[in-house]
file start_29.cif (mmCIF, C-alpha atoms)
data_query
loop_
_atom_site.group_PDB
_atom_site.id
_atom_site.type_symbol
_atom_site.label_atom_id
_atom_site.label_comp_id
_atom_site.auth_asym_id
_atom_site.auth_seq_id
_atom_site.Cartn_x
_atom_site.Cartn_y
_atom_site.Cartn_z
ATOM 1 C CA MET A 1 102.951 87.240 99.287
ATOM 2 C CA SER A 2 100.919 90.327 98.397
ATOM 3 C CA ASP A 3 97.380 91.078 99.501
ATOM 4 C CA PRO A 4 94.643 90.075 97.073
ATOM 5 C CA LYS A 5 93.202 93.061 95.237
ATOM 6 C CA LYS A 6 89.801 92.937 96.867
ATOM 7 C CA HIS A 7 88.757 96.585 96.426
ATOM 8 C CA CYS A 8 87.376 96.744 92.873
ATOM 9 C CA CYS A 9 86.227 99.799 90.972
ATOM 10 C CA PRO A 10 82.406 99.783 90.722
ATOM 11 C CA TYR A 11 82.340 101.620 87.376
ATOM 12 C CA GLU A 12 81.192 99.514 84.436
ATOM 13 C CA GLY A 13 84.030 98.670 82.096
ATOM 14 C CA CYS A 14 86.749 99.661 84.586
ATOM 15 C CA LYS A 15 88.810 96.701 85.750
ATOM 16 C CA ALA A 16 90.913 98.584 88.310
ATOM 17 C CA ALA A 17 91.357 96.733 91.615
ATOM 18 C CA PHE A 18 93.356 97.674 94.684
ATOM 19 C CA ASN A 19 94.611 95.999 97.841
ATOM 20 C CA ARG A 20 93.943 99.063 100.012
ATOM 21 C CA PRO A 21 90.610 100.926 100.293
ATOM 22 C CA TYR A 22 92.252 104.369 100.184
ATOM 23 C CA ARG A 23 93.798 103.523 96.795
ATOM 24 C CA LEU A 24 90.318 102.758 95.440
ATOM 25 C CA THR A 25 89.055 106.041 96.901
ATOM 26 C CA GLN A 26 91.878 107.892 95.180
ATOM 27 C CA HIS A 27 91.116 106.053 91.909
ATOM 28 C CA LEU A 28 87.413 106.993 92.108
ATOM 29 C CA LEU A 29 88.406 110.663 91.945
ATOM 30 C CA VAL A 30 89.280 110.048 88.288
ATOM 31 C CA HIS A 31 85.787 108.737 87.467
ATOM 32 C CA ASN A 32 84.107 111.527 89.418
ATOM 33 C CA ASN A 33 86.351 114.134 87.768
ATOM 34 C CA VAL A 34 87.451 115.443 91.178
ATOM 35 C CA LYS A 35 90.702 117.291 90.674
ATOM 36 C CA ALA A 36 91.541 118.803 94.033
ATOM 37 C CA TYR A 37 95.138 119.744 93.158
ATOM 38 C CA ALA A 38 95.143 122.832 90.895
ATOM 39 C CA CYS A 39 98.169 124.469 89.304
ATOM 40 C CA CYS A 40 98.759 127.977 90.684
ATOM 41 C CA GLU A 41 100.903 129.174 87.777
ATOM 42 C CA GLU A 42 99.590 132.201 85.878
ATOM 43 C CA ASN A 43 97.414 131.356 82.832
ATOM 44 C CA CYS A 44 97.409 127.631 83.663
ATOM 45 C CA CYS A 45 94.070 125.931 84.301
ATOM 46 C CA LYS A 46 95.374 122.393 84.850
ATOM 47 C CA SER A 47 94.262 120.404 87.886
ATOM 48 C CA TYR A 48 94.962 116.844 88.998
ATOM 49 C CA THR A 49 93.593 114.097 91.221
ATOM 50 C CA SER A 50 96.826 113.729 93.222
ATOM 51 C CA LYS A 51 99.554 115.982 94.565
ATOM 52 C CA SER A 52 102.262 113.923 92.870
ATOM 53 C CA HIS A 53 100.630 114.407 89.447
ATOM 54 C CA LEU A 54 100.456 118.170 90.042
ATOM 55 C CA GLU A 55 104.133 118.238 91.087
ATOM 56 C CA ARG A 56 105.090 116.334 87.955
ATOM 57 C CA HIS A 57 103.138 118.828 85.801
ATOM 58 C CA ILE A 58 104.808 121.829 87.467
ATOM 59 C CA ASN A 59 108.263 120.312 87.133
ATOM 60 C CA ILE A 60 107.795 119.392 83.477
ATOM 61 C CA VAL A 61 105.793 122.367 82.185
ATOM 62 C CA HIS A 62 106.661 125.353 84.355
ATOM 63 C CA ARG A 63 110.244 124.856 85.539
ATOM 64 C CA ARG A 64 112.994 126.071 83.309
ATOM 65 C CA TYR A 65 116.114 123.914 83.159
ATOM 66 C CA ASP A 66 118.329 126.601 84.691
ATOM 67 C CA GLU A 67 116.091 127.121 87.730
ATOM 68 C CA ASP A 68 117.094 125.634 91.051
ATOM 69 C CA VAL A 69 115.738 122.115 91.279
ATOM 70 C CA ILE A 70 114.474 121.391 94.769
ATOM 71 C CA TYR A 71 115.094 117.630 94.686
ATOM 72 C CA SER A 72 118.809 117.050 95.139
ATOM 73 C CA CYS A 73 120.550 113.894 96.298
ATOM 74 C CA PRO A 74 122.094 114.346 99.771
ATOM 75 C CA THR A 75 124.906 111.911 98.884
ATOM 76 C CA CYS A 76 126.101 113.036 95.432
ATOM 77 C CA GLN A 77 124.183 116.329 94.931
ATOM 78 C CA ASN A 78 122.638 115.188 91.606
ATOM 79 C CA LYS A 79 119.454 117.162 90.933
ATOM 80 C CA TYR A 80 116.073 115.821 89.863
ATOM 81 C CA ALA A 81 112.832 117.338 88.617
ATOM 82 C CA ASN A 82 110.648 115.449 91.078
ATOM 83 C CA ARG A 83 110.751 113.443 94.270
ATOM 84 C CA GLN A 84 110.023 110.106 92.573
ATOM 85 C CA ASN A 85 113.076 110.412 90.313
ATOM 86 C CA LEU A 86 115.252 111.307 93.311
ATOM 87 C CA LYS A 87 113.975 108.294 95.270
ATOM 88 C CA ARG A 88 114.621 106.010 92.305
ATOM 89 C CA HIS A 89 118.177 107.414 91.990
ATOM 90 C CA ILE A 90 118.954 106.902 95.691
ATOM 91 C CA LYS A 91 117.565 103.369 95.674
ATOM 92 C CA ILE A 92 119.557 102.361 92.579
ATOM 93 C CA HIS A 93 122.841 104.229 93.061
ATOM 94 C CA HIS A 94 123.246 104.550 96.810
ATOM 95 C CA ASN A 95 121.358 101.437 97.943
ATOM 96 C CA LEU A 96 119.723 103.326 100.803
ATOM 97 C CA ARG A 97 116.378 102.477 102.274
ATOM 98 C CA ILE A 98 113.847 105.080 101.201
ATOM 99 C CA PRO A 99 111.134 105.986 103.672
ATOM 100 C CA PHE A 100 107.552 105.828 102.442
ATOM 101 C CA SER A 101 106.041 109.294 101.972
ATOM 102 C CA CYS A 102 102.458 110.477 102.088
ATOM 103 C CA ASP A 103 101.668 112.392 98.893
ATOM 104 C CA SER A 104 99.017 114.424 100.707
ATOM 105 C CA CYS A 105 101.039 115.794 103.632
ATOM 106 C CA ASN A 106 104.666 114.721 102.939
ATOM 107 C CA ILE A 107 105.050 112.785 106.198
ATOM 108 C CA ASP A 108 107.622 109.995 105.838
ATOM 109 C CA PHE A 109 107.225 106.499 107.267
ATOM 110 C CA LYS A 110 109.838 103.784 107.679
ATOM 111 C CA LYS A 111 107.466 100.981 106.703
ATOM 112 C CA LYS A 112 104.844 100.642 103.985
ATOM 113 C CA HIS A 113 102.147 99.408 106.382
ATOM 114 C CA GLN A 114 102.583 102.578 108.467
ATOM 115 C CA LEU A 115 101.912 104.718 105.401
ATOM 116 C CA SER A 116 98.910 102.559 104.499
ATOM 117 C CA ALA A 117 97.429 103.003 107.972
ATOM 118 C CA HIS A 118 98.126 106.752 107.847
ATOM 119 C CA MET A 119 96.287 107.159 104.510
ATOM 120 C CA TYR A 120 92.945 106.340 106.144
ATOM 121 C CA ILE A 121 93.174 109.729 107.877
ATOM 122 C CA HIS A 122 93.093 111.495 104.497
ATOM 123 C CA THR A 123 90.416 109.340 102.882
ATOM 124 C CA GLY A 124 88.068 109.230 105.868
ATOM 125 C CA ILE A 125 87.500 105.537 105.167
ATOM 126 C CA LYS A 126 86.649 103.681 108.342
ATOM 127 C CA ALA A 127 88.441 100.439 107.577
ATOM 128 C CA PHE A 128 88.442 99.045 111.110
ATOM 129 C CA SER A 129 85.155 97.824 112.557
ATOM 130 C CA CYS A 130 84.207 96.378 115.909
ATOM 131 C CA GLU A 131 83.273 92.702 115.637
ATOM 132 C CA ILE A 132 80.800 93.077 118.500
ATOM 133 C CA CYS A 133 78.791 96.238 117.710
ATOM 134 C CA SER A 134 79.934 97.026 114.128
ATOM 135 C CA LYS A 135 81.030 100.556 115.017
ATOM 136 C CA GLU A 136 83.655 101.730 112.495
ATOM 137 C CA PHE A 137 86.954 103.532 113.057
ATOM 138 C CA VAL A 138 89.534 105.325 110.918
ATOM 139 C CA THR A 139 92.531 103.942 112.822
ATOM 140 C CA LEU A 140 93.331 100.641 114.498
ATOM 141 C CA LEU A 141 94.246 102.516 117.693
ATOM 142 C CA GLU A 142 90.733 104.010 117.876
ATOM 143 C CA LYS A 143 89.250 100.526 117.482
ATOM 144 C CA LYS A 144 91.492 99.074 120.206
ATOM 145 C CA LYS A 145 90.457 101.827 122.631
ATOM 146 C CA HIS A 146 86.807 101.192 121.800
ATOM 147 C CA MET A 147 87.125 97.416 122.366
ATOM 148 C CA ARG A 148 87.737 98.061 126.058
ATOM 149 C CA CYS A 149 84.098 99.102 126.462
ATOM 150 C CA HIS A 150 82.977 95.551 125.631
ATOM 151 C CA LYS A 151 84.953 93.938 128.457
ATOM 152 C CA ASN A 152 83.341 93.289 131.826
ATOM 153 C CA TYR A 153 85.166 92.909 135.110
ATOM 154 C CA LYS A 154 83.381 90.754 137.701
ATOM 155 C CA CYS A 155 84.225 91.160 141.318
ATOM 156 C CA SER A 156 85.303 87.892 142.927
ATOM 157 C CA GLU A 157 84.058 89.045 146.353
ATOM 158 C CA CYS A 158 80.534 90.132 145.394
ATOM 159 C CA PRO A 159 78.161 89.931 142.403
ATOM 160 C CA GLN A 160 79.037 93.360 141.000
ATOM 161 C CA ILE A 161 80.234 93.714 137.395
ATOM 162 C CA PHE A 162 82.127 96.710 136.023
ATOM 163 C CA LYS A 163 82.619 97.946 132.463
ATOM 164 C CA GLN A 164 85.847 99.785 133.292
ATOM 165 C CA TRP A 165 88.994 98.364 134.876
ATOM 166 C CA SER A 166 89.544 101.566 136.844
ATOM 167 C CA LYS A 167 86.054 101.403 138.415
ATOM 168 C CA TYR A 168 86.598 97.735 139.261
ATOM 169 C CA GLN A 169 89.919 98.605 140.934
ATOM 170 C CA ALA A 170 88.291 101.446 142.903
ATOM 171 C CA HIS A 171 85.510 99.101 144.047
ATOM 172 C CA LEU A 172 88.000 96.515 145.309
ATOM 173 C CA LYS A 173 89.996 99.149 147.123
ATOM 174 C CA SER A 174 87.035 100.816 148.801
ATOM 175 C CA ASP A 175 84.766 97.839 149.476
ATOM 176 C CA HIS A 176 86.902 94.740 149.966
ATOM 177 C CA GLU A 177 90.554 95.064 150.802
ATOM 178 C CA SER A 178 93.786 97.012 150.785
ATOM 179 C CA LYS A 179 95.580 98.286 147.677
ATOM 180 C CA GLU A 180 98.461 95.772 147.988
ATOM 181 C CA GLU A 181 96.153 92.753 147.844
ATOM 182 C CA ILE A 182 94.266 94.060 144.773
ATOM 183 C CA ALA A 183 97.274 93.777 142.523
ATOM 184 C CA GLY A 184 97.836 90.112 143.327
ATOM 185 C CA THR A 185 94.681 88.096 143.844
ATOM 186 C CA HIS A 186 91.744 89.697 142.080
ATOM 187 C CA SER A 187 93.135 91.033 138.828
ATOM 188 C CA GLU A 188 93.939 87.692 137.195
ATOM 189 C CA ASN A 189 90.377 86.301 137.283
ATOM 190 C CA ALA A 190 88.490 89.557 136.987
ATOM 191 C CA GLN A 191 87.805 89.722 133.274
ATOM 192 C CA VAL A 192 84.497 88.184 132.203
#
call {"tool": "encode", "arguments": {"input": "start_29.cif", "output": "structure tokens"}}
result
Amino acid sequence: MSDPKKHCCPYEGCKAAFNRPYRLTQHLLVHNNVKAYACCEENCCKSYTSKSHLERHINIVHRRYDEDVIYSCPTCQNKYANRQNLKRHIKIHHNLRIPFSCDSCNIDFKKKHQLSAHMYIHTGIKAFSCEICSKEFVTLLEKKKHMRCHKNYKCSECPQIFKQWSKYQAHLKSDHESKEEIAGTHSENAQV
């Protein structure tokens, strides 16, 4: 079951909707006429909103048929004008699993969700927010690290409360008992 397309284009008359915020951000470049990927060929003024569109332009317009084609199949050595055609060929003819690639930096991922999470780095969209303080984060890992600051650790021997596990551990060690006993009795009931 696919995600509902909950990220809708705000432009009047445009019905584009996406299941990932970074896809909407990429789509908005079209409306804002932001074309960050410019062709470097002499006497060519073309520019595009995505790297893959620029690559397609270069391969179609500027490459001669007899030039070396950089996308060749590692199994059968067939050559293709762009990466998408090569991936399609491999998937159809060799039945191999194709990794998911980032169009911005060419990093490959084994799973689609990994690529989706990675794309937030390029868009700057802070898609992960703390449910307690509403602080926003680009990656889930950043959010998880932040969530630790909302936990309190109450000492079972005295009324002190600590925001950090390491400070709680140091308190137990220095004020109440030996290191061996800390691991067993206090840690299970410490979190408040």
call {"tool": "residues_around", "arguments": {"input": "start_29.cif", "residues": "Asn85 in chain A", "least_positions_apart": "4", "cutoff": "12 Å", "atoms": "only C-alpha atoms", "output": "PyMOL selection string"}}
result
chain A and resi 52+55-56+59+70-73+78-81+89-93
call {"tool": "atom_distance", "arguments": {"input": "start_29.cif", "atom1": "CA of His27 in chain A", "atom2": "CA of Phe128 in chain A"}}
result
20.6 Å
call {"tool": "atom_distance", "arguments": {"input": "start_29.cif", "atom1": "CA of Lys35 in chain A", "atom2": "CA of Tyr48 in chain A"}}
result
4.6 Å
call {"tool": "atom_distance", "arguments": {"input": "start_29.cif", "atom1": "CA of Met147 in chain A", "atom2": "CA of Ala117 in chain A"}}
result
18.6 Å
call {"tool": "resolve_selection", "arguments": {"input": "start_29.cif", "expression": "the PyMOL selection byres ((chain A and resi 101) around 12)", "output": "ChimeraX atom specification"}}
result
/A:51-52,83-84,87,98-100,102-116,118-119
call {"tool": "residues_around", "arguments": {"input": "start_29.cif", "residues": "range 21-25 of chain A", "least_positions_apart": "3", "cutoff": "9 Å", "atoms": "only C-alpha atoms", "output": "ChimeraX atom specification"}}
result
/A:6-9,16-18,28-29,116,119-120,122-125,127
call {"tool": "write_last_selection", "arguments": {"input": "start_29.cif", "atoms": "C-alpha atoms", "output": "CSV table (one decimal), in the frame of the given file"}}
result
chain,number,residue,atom,x,y,z
A,6,LYS,CA,89.8,92.9,96.9
A,7,HIS,CA,88.8,96.6,96.4
A,8,CYS,CA,87.4,96.7,92.9
A,9,CYS,CA,86.2,99.8,91.0
A,16,ALA,CA,90.9,98.6,88.3
A,17,ALA,CA,91.4,96.7,91.6
A,18,PHE,CA,93.4,97.7,94.7
A,28,LEU,CA,87.4,107.0,92.1
A,29,LEU,CA,88.4,110.7,91.9
A,116,SER,CA,98.9,102.6,104.5
A,119,MET,CA,96.3,107.2,104.5
A,120,TYR,CA,92.9,106.3,106.1
A,122,HIS,CA,93.1,111.5,104.5
A,123,THR,CA,90.4,109.3,102.9
A,124,GLY,CA,88.1,109.2,105.9
A,125,ILE,CA,87.5,105.5,105.2
A,127,ALA,CA,88.4,100.4,107.6
call {"tool": "residues_around", "arguments": {"input": "start_29.cif", "residues": "range 161-164 of chain A", "least_positions_apart": "5", "cutoff": "12 Å", "atoms": "only C-alpha atoms", "output": "PyMOL selection string"}}
result
chain A and resi 145-156+169-172+190-192
call {"tool": "closest_residue", "arguments": {"input": "start_29.cif", "among": "A:Cys158, A:Cys45, A:Val61, A:Cys14", "to": "Val30 in chain A", "atoms": "all atoms listed in the file"}}
result
A:Cys14
call {"tool": "residues_around", "arguments": {"input": "start_29.cif", "residues": "Ala38 in chain A", "least_positions_apart": "4", "cutoff": "12 Å", "atoms": "only C-alpha atoms", "output": "ChimeraX atom specification"}}
result
/A:34,42-55,57-58
call {"tool": "build_atoms", "arguments": {"input": "start_29.cif", "residues": "range 67-89 of chain A", "atoms": "N, CA and C atoms", "output": "CSV table (one decimal), keeping the file's coordinate frame"}}
result
chain,number,residue,atom,x,y,z
A,67,GLU,N,116.6,126.8,86.4
A,67,GLU,CA,116.1,127.1,87.7
A,67,GLU,C,116.7,126.1,88.7
A,68,ASP,N,116.7,126.5,90.0
A,68,ASP,CA,117.1,125.6,91.1
A,68,ASP,C,116.1,124.5,91.1
A,69,VAL,N,116.6,123.3,91.1
A,69,VAL,CA,115.7,122.1,91.3
A,69,VAL,C,115.7,121.7,92.8
A,70,ILE,N,114.6,121.6,93.3
A,70,ILE,CA,114.5,121.4,94.8
A,70,ILE,C,114.8,120.0,95.2
A,71,TYR,N,114.8,119.0,94.3
A,71,TYR,CA,115.1,117.6,94.7
A,71,TYR,C,116.5,117.3,94.4
A,72,SER,N,117.4,117.4,95.4
A,72,SER,CA,118.8,117.0,95.1
A,72,SER,C,119.2,115.9,96.1
A,73,CYS,N,120.1,115.1,95.6
A,73,CYS,CA,120.6,113.9,96.3
A,73,CYS,C,121.5,114.3,97.4
A,74,PRO,N,121.2,113.9,98.7
A,74,PRO,CA,122.1,114.3,99.8
A,74,PRO,C,123.5,113.7,99.7
A,75,THR,N,123.6,112.6,99.0
A,75,THR,CA,124.9,111.9,98.9
A,75,THR,C,125.8,112.5,97.8
A,76,CYS,N,125.3,112.6,96.6
A,76,CYS,CA,126.1,113.0,95.4
A,76,CYS,C,125.7,114.4,94.8
A,77,GLN,N,124.7,115.0,95.4
A,77,GLN,CA,124.2,116.3,94.9
A,77,GLN,C,123.6,116.3,93.5
A,78,ASN,N,123.3,115.2,92.9
A,78,ASN,CA,122.6,115.2,91.6
A,78,ASN,C,121.3,115.8,91.8
A,79,LYS,N,120.7,116.5,90.8
A,79,LYS,CA,119.5,117.2,90.9
A,79,LYS,C,118.4,116.5,90.0
A,80,TYR,N,117.2,116.5,90.6
A,80,TYR,CA,116.1,115.8,89.9
A,80,TYR,C,114.8,116.7,89.8
A,81,ALA,N,114.0,116.5,88.8
A,81,ALA,CA,112.8,117.3,88.6
A,81,ALA,C,111.7,117.0,89.6
A,82,ASN,N,111.7,115.8,90.1
A,82,ASN,CA,110.6,115.4,91.1
A,82,ASN,C,111.2,114.4,92.1
A,83,ARG,N,110.4,114.3,93.1
A,83,ARG,CA,110.8,113.4,94.3
A,83,ARG,C,110.9,112.0,93.9
A,84,GLN,N,110.0,111.5,93.0
A,84,GLN,CA,110.0,110.1,92.6
A,84,GLN,C,111.3,109.8,91.9
A,85,ASN,N,111.8,110.7,91.0
A,85,ASN,CA,113.1,110.4,90.3
A,85,ASN,C,114.2,110.4,91.3
A,86,LEU,N,114.2,111.3,92.3
A,86,LEU,CA,115.3,111.3,93.3
A,86,LEU,C,115.2,110.0,94.1
A,87,LYS,N,114.1,109.5,94.5
A,87,LYS,CA,114.0,108.3,95.3
A,87,LYS,C,114.5,107.1,94.5
A,88,ARG,N,114.1,107.1,93.2
A,88,ARG,CA,114.6,106.0,92.3
A,88,ARG,C,116.1,106.0,92.2
A,89,HIS,N,116.7,107.2,92.1
A,89,HIS,CA,118.2,107.4,92.0
A,89,HIS,C,118.8,106.9,93.3
